[in-house]
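**Q** Dropping in final_17.txt, with compact mmCIF, C-alpha atoms.
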# COMPACT_ATOMS: atom_id res chain seq x y z
CA MET A 11 0.00 0.00 0.00
CA TYR A 12 2.73 2.40 1.07
CA ARG A 13 4.85 1.34 -1.88
CA GLN A 14 1.99 1.87 -4.30
CA LEU A 15 1.45 5.34 -2.95
CA CYS A 16 5.15 6.08 -3.24
CA ARG A 17 5.25 4.86 -6.81
CA ARG A 18 2.20 6.88 -7.73
CA GLY A 19 3.78 9.92 -6.11
CA VAL A 20 6.96 9.49 -8.10
CA ASN A 21 5.00 9.04 -11.35
CA ILE A 22 2.93 12.13 -10.73
CA THR A 23 6.06 14.12 -9.92
CA LYS A 24 7.73 12.88 -13.09
CA GLN A 25 4.72 13.81 -15.21
CA PHE A 26 4.49 17.17 -13.52
CA LEU A 27 8.12 17.99 -14.09
CA ASN A 28 8.03 16.30 -17.51
CA ILE A 29 11.18 14.38 -16.68
CA LYS A 30 12.02 11.54 -18.95
CA ILE A 31 14.77 9.08 -18.26
CA MET A 32 17.21 9.95 -20.99
CA ASN A 33 18.89 7.08 -22.76
CA MET A 34 21.60 7.94 -25.19
CA GLU A 35 22.92 6.19 -28.27
CA LYS A 36 26.64 6.17 -28.71
CA THR A 37 29.20 4.46 -30.86
CA ILE A 38 31.94 2.69 -29.05
CA ALA A 39 34.47 0.19 -30.40
CA GLY A 40 32.66 0.45 -33.75
CA LYS A 41 29.40 -0.64 -32.20
CA ASN A 42 26.20 1.25 -31.50
CA ILE A 43 25.22 0.98 -27.86
CA THR A 44 22.51 2.53 -25.72
CA VAL A 45 23.47 3.86 -22.31
CA ASN A 46 21.46 5.56 -19.60
CA GLU A 47 22.13 9.05 -18.26
CA GLU A 48 24.93 7.72 -16.07
CA GLY A 49 26.64 5.85 -18.88
CA TYR A 50 25.47 2.32 -18.01
CA LEU A 51 24.51 -0.02 -20.83
CA THR A 52 20.75 -0.51 -20.96
CA ASP A 53 20.97 -3.83 -22.82
CA PHE A 54 23.63 -6.36 -21.89
CA ASN A 55 23.27 -8.00 -25.32
CA GLN A 56 25.09 -5.01 -26.77
CA TRP A 57 28.11 -5.79 -24.64
CA ASP A 58 31.17 -7.65 -25.84
CA GLU A 59 34.79 -7.62 -24.74
CA LYS A 60 35.68 -4.86 -27.18
CA VAL A 61 32.92 -2.69 -25.73
CA GLY A 62 34.21 -3.55 -22.25
CA GLU A 63 37.70 -2.46 -23.22
CA ALA A 64 36.45 0.81 -24.65
CA LEU A 65 34.34 1.50 -21.56
CA ALA A 66 37.37 0.76 -19.36
CA GLU A 67 39.41 3.22 -21.37
CA GLU A 68 36.80 5.88 -20.69
CA SER A 69 37.37 5.22 -16.98
CA HIS A 70 41.15 5.34 -17.51
CA ILE A 71 41.62 1.68 -16.66
CA ASN A 72 43.87 -0.77 -18.46
CA LEU A 73 42.27 -4.18 -18.20
CA SER A 74 44.54 -6.94 -16.88
CA PRO A 75 43.57 -10.64 -16.66
CA LYS A 76 42.61 -10.01 -13.03
CA HIS A 77 40.25 -7.21 -14.09
CA TRP A 78 38.59 -9.59 -16.54
CA GLN A 79 38.17 -12.19 -13.83
CA VAL A 80 36.35 -9.67 -11.67
CA LEU A 81 34.20 -8.44 -14.56
CA LYS A 82 33.20 -12.00 -15.44
CA TYR A 83 32.34 -12.66 -11.80
CA LEU A 84 30.14 -9.55 -11.65
CA GLN A 85 28.36 -10.53 -14.86
CA ASP A 86 27.70 -14.03 -13.52
CA GLU A 87 26.32 -12.64 -10.28
CA GLN A 88 24.10 -10.27 -12.23
CA LYS A 89 22.87 -13.19 -14.37
CA ASN A 90 21.94 -15.05 -11.17
CA GLN A 91 20.18 -11.90 -9.95
CA VAL A 92 22.38 -11.56 -6.88
CA ALA A 93 22.36 -8.08 -5.35
CA LEU A 94 25.91 -6.83 -5.65
CA SER A 95 27.71 -5.11 -2.79
CA ILE A 96 31.32 -4.40 -1.88
CA ARG A 97 31.01 -6.88 0.97
CA ARG A 98 29.81 -9.65 -1.32
CA VAL A 99 32.57 -8.98 -3.83
CA GLY A 100 35.07 -9.12 -0.96
CA LYS A 101 33.78 -12.54 0.04
CA SER A 102 33.62 -13.88 -3.52
CA GLY A 103 37.04 -15.52 -3.40
CA VAL A 104 37.76 -13.82 -6.74
CA VAL A 105 39.15 -10.63 -5.28
CA ASP A 106 39.38 -9.11 -1.80
CA ILE A 107 38.22 -5.59 -1.06
CA LYS A 108 41.70 -4.12 -0.97
CA GLU A 109 42.57 -5.54 -4.36
CA PHE A 110 39.17 -4.51 -5.75
CA TYR A 111 40.03 -0.91 -4.87
CA GLN A 112 43.48 -1.34 -6.42
CA LEU A 113 41.99 -2.63 -9.67
CA PHE A 114 39.27 0.02 -9.88
CA PRO A 115 40.60 2.83 -7.66
CA ILE A 116 37.71 5.26 -8.05
CA ALA A 117 34.31 3.92 -6.98
CA PRO A 118 35.17 0.26 -7.72
CA LEU A 119 31.68 -1.25 -7.75
CA LYS A 120 30.20 1.53 -9.86
CA THR A 121 33.10 1.55 -12.29
CA ALA A 122 33.41 -2.22 -12.61
CA THR A 123 29.70 -2.74 -13.23
CA LYS A 124 29.72 -0.01 -15.85
CA ILE A 125 32.60 -1.68 -17.69
CA ALA A 126 30.93 -5.08 -17.31
CA GLY A 127 27.82 -3.70 -19.01
CA ILE A 128 25.48 -4.45 -16.13
CA PRO A 129 23.25 -2.06 -14.14
CA LYS A 130 24.63 0.10 -11.35
CA PRO A 131 24.05 -1.72 -8.05
CA ALA A 132 21.74 0.07 -5.64
CA SER A 133 23.76 -0.89 -2.60
CA CYS A 134 24.86 1.18 0.39
CA ILE A 135 27.46 -1.25 1.64
CA MET B 26 32.00 25.93 -2.36
CA ASN B 27 32.19 26.77 -6.06
CA GLU B 28 35.37 24.95 -6.88
CA ASN B 29 34.66 21.86 -9.01
CA LYS B 30 30.94 22.62 -8.81
CA GLY B 31 31.05 21.84 -5.10
CA ALA B 32 32.11 18.23 -5.64
CA ILE B 33 32.90 16.38 -2.42
CA LYS B 34 36.46 15.12 -2.42
CA LYS B 35 36.91 13.99 1.13
CA MET B 36 34.67 13.24 4.11
CA MET B 37 36.06 13.75 7.62
CA ILE B 38 33.80 11.87 9.98
CA ILE B 39 34.04 12.37 13.74
CA LEU B 40 32.43 9.65 15.82
CA SER B 41 31.85 10.65 19.44
CA LYS B 42 29.22 8.06 20.40
CA GLY B 43 29.48 4.37 21.19
CA THR B 44 25.89 3.30 20.58
CA LEU B 45 25.50 0.79 17.80
CA GLU B 46 23.19 2.93 15.67
CA ASN B 47 25.62 5.84 15.69
CA VAL B 48 28.62 3.64 15.00
CA TYR B 49 26.87 2.08 12.02
CA ALA B 50 25.76 5.45 10.72
CA ALA B 51 29.36 6.65 10.75
CA PHE B 52 30.66 3.45 9.16
CA VAL B 53 28.06 3.42 6.40
CA LEU B 54 28.82 7.05 5.59
CA ALA B 55 32.57 6.44 5.47
CA ASN B 56 32.23 3.30 3.39
CA GLY B 57 29.63 4.94 1.16
CA ALA B 58 32.05 7.77 0.46
CA ARG B 59 34.75 5.34 -0.66
CA MET B 60 32.23 3.51 -2.84
CA GLU B 61 31.59 6.79 -4.65
CA GLY B 62 35.27 7.51 -5.12
CA ILE B 63 35.38 10.03 -2.27
CA ALA B 64 38.25 9.87 0.24
CA ALA B 65 37.25 9.33 3.87
CA GLU B 66 38.89 9.62 7.27
CA MET B 67 37.43 8.91 10.69
CA PHE B 68 38.28 10.43 14.05
CA PHE B 69 37.18 8.42 17.07
CA THR B 70 36.70 10.44 20.20
CA PHE B 71 35.04 9.97 23.61
CA PHE B 72 32.60 7.06 23.53
CA GLY B 73 33.21 6.69 19.82
CA LEU B 74 36.54 5.11 20.84
CA GLU B 75 34.61 2.01 21.89
CA ALA B 76 33.98 1.29 18.21
CA VAL B 77 37.72 0.71 17.74
CA HIS B 78 38.54 -0.73 21.17
CA LYS B 79 39.37 -4.39 20.59
CA LYS B 80 37.65 -5.64 23.73
CA LYS B 81 34.59 -3.44 23.42
CA LEU B 82 33.77 -3.19 19.75
CA GLU B 83 31.92 -6.48 19.66
CA HIS B 84 29.75 -5.57 22.62
CA LEU B 85 28.22 -2.31 21.48
CA HIS B 86 24.53 -1.80 22.18
CA ILE B 87 21.76 0.30 20.78
CA ALA B 88 20.23 2.81 23.18
CA THR B 89 16.81 1.84 24.45
CA VAL B 90 16.56 4.71 26.91
CA GLY B 91 16.35 8.31 25.77
CA ASN B 92 15.58 7.17 22.25
CA PRO B 93 11.97 8.14 21.35
CA ALA B 94 12.25 6.36 17.99
CA MET B 95 12.39 3.03 19.83
CA HIS B 96 8.68 3.51 20.58
CA MET B 97 9.15 1.94 23.95
CA PRO B 98 8.32 3.50 27.31
CA THR B 99 11.50 4.81 28.90
CA MET B 100 10.81 2.79 32.06
CA LEU B 101 10.64 -0.41 30.03
CA GLY B 102 13.82 0.41 28.11
CA GLY B 103 15.64 0.70 31.41
CA LEU B 104 14.85 -2.84 32.54
CA PRO B 105 17.81 -5.21 32.78
CA GLY B 106 18.49 -7.04 29.53
CA MET B 107 16.39 -4.70 27.42
CA GLU B 108 19.38 -3.21 25.61
CA ALA B 109 20.79 -6.64 24.90
CA LEU B 110 17.44 -7.87 23.60
CA ALA B 111 16.90 -4.87 21.35
CA THR B 112 20.49 -5.13 20.14
CA SER B 113 20.23 -8.79 19.22
CA MET B 114 16.96 -8.13 17.40
CA MET B 115 18.54 -5.32 15.46
CA LYS B 116 21.63 -7.38 14.63
CA LYS B 117 19.40 -10.05 13.10
CA GLU B 118 17.76 -7.44 10.90
CA MET B 119 21.14 -6.03 9.96
CA GLU B 120 22.38 -9.40 8.80
CA LYS B 121 19.32 -9.63 6.56
CA VAL B 122 20.31 -6.46 4.74
CA ASP B 123 23.88 -7.68 4.37
CA MET B 124 25.22 -5.40 7.09
CA PRO B 125 28.52 -6.69 8.49
CA ASP B 126 29.28 -6.77 12.23
CA VAL B 127 31.46 -4.04 13.72
CA LEU B 128 34.78 -5.88 13.36
CA GLU B 129 34.13 -6.94 9.79
CA PHE B 130 32.97 -3.43 8.97
CA LEU B 131 36.27 -2.05 10.32
CA ASP B 132 38.12 -4.52 8.09
CA ILE B 133 36.06 -3.35 5.10
CA LEU B 134 36.79 0.30 5.93
CA SER B 135 40.52 -0.37 6.26
CA ALA B 136 40.66 -2.35 3.05
CA SER B 137 38.74 0.41 1.29
CA GLY B 138 41.34 2.97 2.27
CA VAL B 139 39.46 4.82 5.01
CA ARG B 140 42.04 6.31 7.38
CA LEU B 141 41.24 5.79 11.05
CA TRP B 142 42.47 8.05 13.84
CA ALA B 143 41.97 8.00 17.61
CA CYS B 144 41.62 11.15 19.71
CA LYS B 145 44.53 11.68 22.09
CA LEU B 146 42.56 13.55 24.73
CA ALA B 147 39.87 10.87 24.95
CA MET B 148 42.49 8.09 24.94
CA ASP B 149 44.19 9.73 27.93
CA MET B 150 40.89 10.25 29.68
CA PHE B 151 39.82 6.62 29.35
CA HIS B 152 43.37 5.34 30.00
CA TYR B 153 43.41 3.48 26.69
CA LYS B 154 46.65 2.56 24.96
CA LYS B 155 47.28 2.31 21.24
CA GLU B 156 47.62 -1.49 21.66
CA ASP B 157 44.04 -1.63 22.96
CA LEU B 158 42.79 -0.42 19.61
CA TYR B 159 41.92 -2.13 16.34
CA GLU B 160 45.10 -2.54 14.24
CA GLY B 161 43.71 -0.44 11.41
CA VAL B 162 43.83 2.68 13.58
CA GLU B 163 46.78 4.54 12.15
CA ASP B 164 47.68 6.77 15.05
CA VAL B 165 46.55 8.64 18.13
CA ILE B 166 46.33 12.30 17.18
CA THR B 167 45.18 15.63 18.55
CA VAL B 168 42.22 17.61 17.31
CA GLY B 169 44.72 20.01 15.74
CA ASP B 170 46.28 17.17 13.78
CA PHE B 171 42.84 16.17 12.57
CA TYR B 172 42.14 19.68 11.35
CA LYS B 173 45.45 19.62 9.54
CA GLN B 174 44.37 16.38 7.84
CA SER B 175 41.19 18.14 6.75
CA GLU B 176 42.87 20.83 4.69
CA GLY B 177 42.10 21.08 1.01
CA GLU B 178 39.35 21.68 -1.50
CA GLY B 179 36.03 19.86 -1.32
CA VAL B 180 36.58 18.51 2.20
CA HIS B 181 33.51 18.10 4.38
CA MET B 182 33.36 17.40 8.08
CA LEU B 183 30.67 15.47 9.88
CA PHE B 184 30.13 15.08 13.63
CA ILE B 185 28.24 12.08 14.92
Take the structure in the file and write it out as structure tokens.

**A**
Amino acid sequence: MYRQLCRRGVNITKQFLNIKIMNMEKTIAGKNITVNEEGYLTDFNQWDEKVGEALAEESHINLSPKHWQVLKYLQDEQKNQVALSIRRVGKSGVVDIKEFYQLFPIAPLKTATKIAGIPKPASCI
Amino acid sequence: MNENKGAIKKMMIILSKGTLENVYAAFVLANGARMEGIAAEMFFTFFGLEAVHKKKLEHLHIATVGNPAMHMPTMLGGLPGMEALATSMMKKEMEKVDMPDVLEFLDILSASGVRLWACKLAMDMFHYKKEDLYEGVEDVITVGDFYKQSEGEGVHMLFI
């Protein structure tokens, strides 16, 4: 009930302010992709390793084999609909938190998911 | 405030309380900053020191007295065992939302590059030694030192 009211409130606000979620088309690694306003791919099917590399370059990251391991892990978790968090990544056995920050120094979870072509996790931890 | 469109570059979080809800609030804010690519440092003072005191950090409680949001009569909150009961109930809920316990949270903060400092005055007052504290605490410093650490553009300070 509360949720419904909230949702209705948000919809009304959106209509009132005439805000539309803006998706953008862009060409990257010779491929047309659609990203949301924060630069996250809206359709994982448009992702391939070349796109991943180009997205990494935009974040000033050179992808090493370890990076790829982490990206693959994140994609698998996303496929299994697991809610991603820093804590979970740290316990994955793929990478610990310290190394995760070394691989993706600025906002690791946000950056890594963007490169992996999956949605930005809505996690506080 | 206008430099870099007011972007936050570093959060300086002072924790002065040792109740579980305040400790978690400070930890979540520090960790959340790092997750967004913002630097973070924490200064533990007065009862906040309990959050980094090896023997105490696993026994922190939530406050059942003087906390209107508990929706519990103050008299009831004061009964023996009430704090422990409320704390264990809250810890169960925290685990459900993937919230780590205090020690694991400190490990996460350290690994994430949050710098942890202890307040010299409070350490002296409580007769704590550096060895009593969690290993991730870098040093025992004065308030002046902490202000020095806070210099720079886009630095924000938060008192809890």

**Q** One decimal, in Å: what's the spacing between atom CA of Ile96 of chain A and atom CA of Thr44 of chain A?

**A**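 Atom-to-atom, atom CA of Ile96 of chain A to atom CA of Thr44 of chain A, that is 26.3 Å.
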
**Q** Report as a list in words the set of chain A residues whose atoms approach chain B to within 7 Å, with distances computed over only C-alpha atoms.

**A** Ile107, Lys108, Tyr111, Ile116, Ala117, Pro118, Leu119, Cys134 and Ile135 of chain A

**Q** Rounded to one decimal place, report the atom CA of Cys144 of chain B-atom CA of Lys81 of chain B distance in Å.

**A**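 Result for atom CA of Cys144 of chain B versus atom CA of Lys81 of chain B: 16.6 Å, one decimal.
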
**Q** Using atom CA of Leu183 of chain B and atom CA of Leu40 of chain B as the two end points, give the distance in Å to one decimal.

**A**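 That distance, rounded to one decimal, is 8.5 Å.
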
**Q** Excluding Gln79 of chain A and its own-chain neighbours fewer than 2 positions away, which residues fall within 12 Å of it when counting only C-alpha atoms? Please give them as a list in words.

**A**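 Listed by chain and then number, they are Leu73, Ser74, Pro75, Lys76, His77, Leu81, Lys82, Tyr83, Leu84, Gln85, Asp86, Val99, Ser102, Gly103, Val104, Val105, Phe110, Leu113, Ala122 and Ala126 of chain A.
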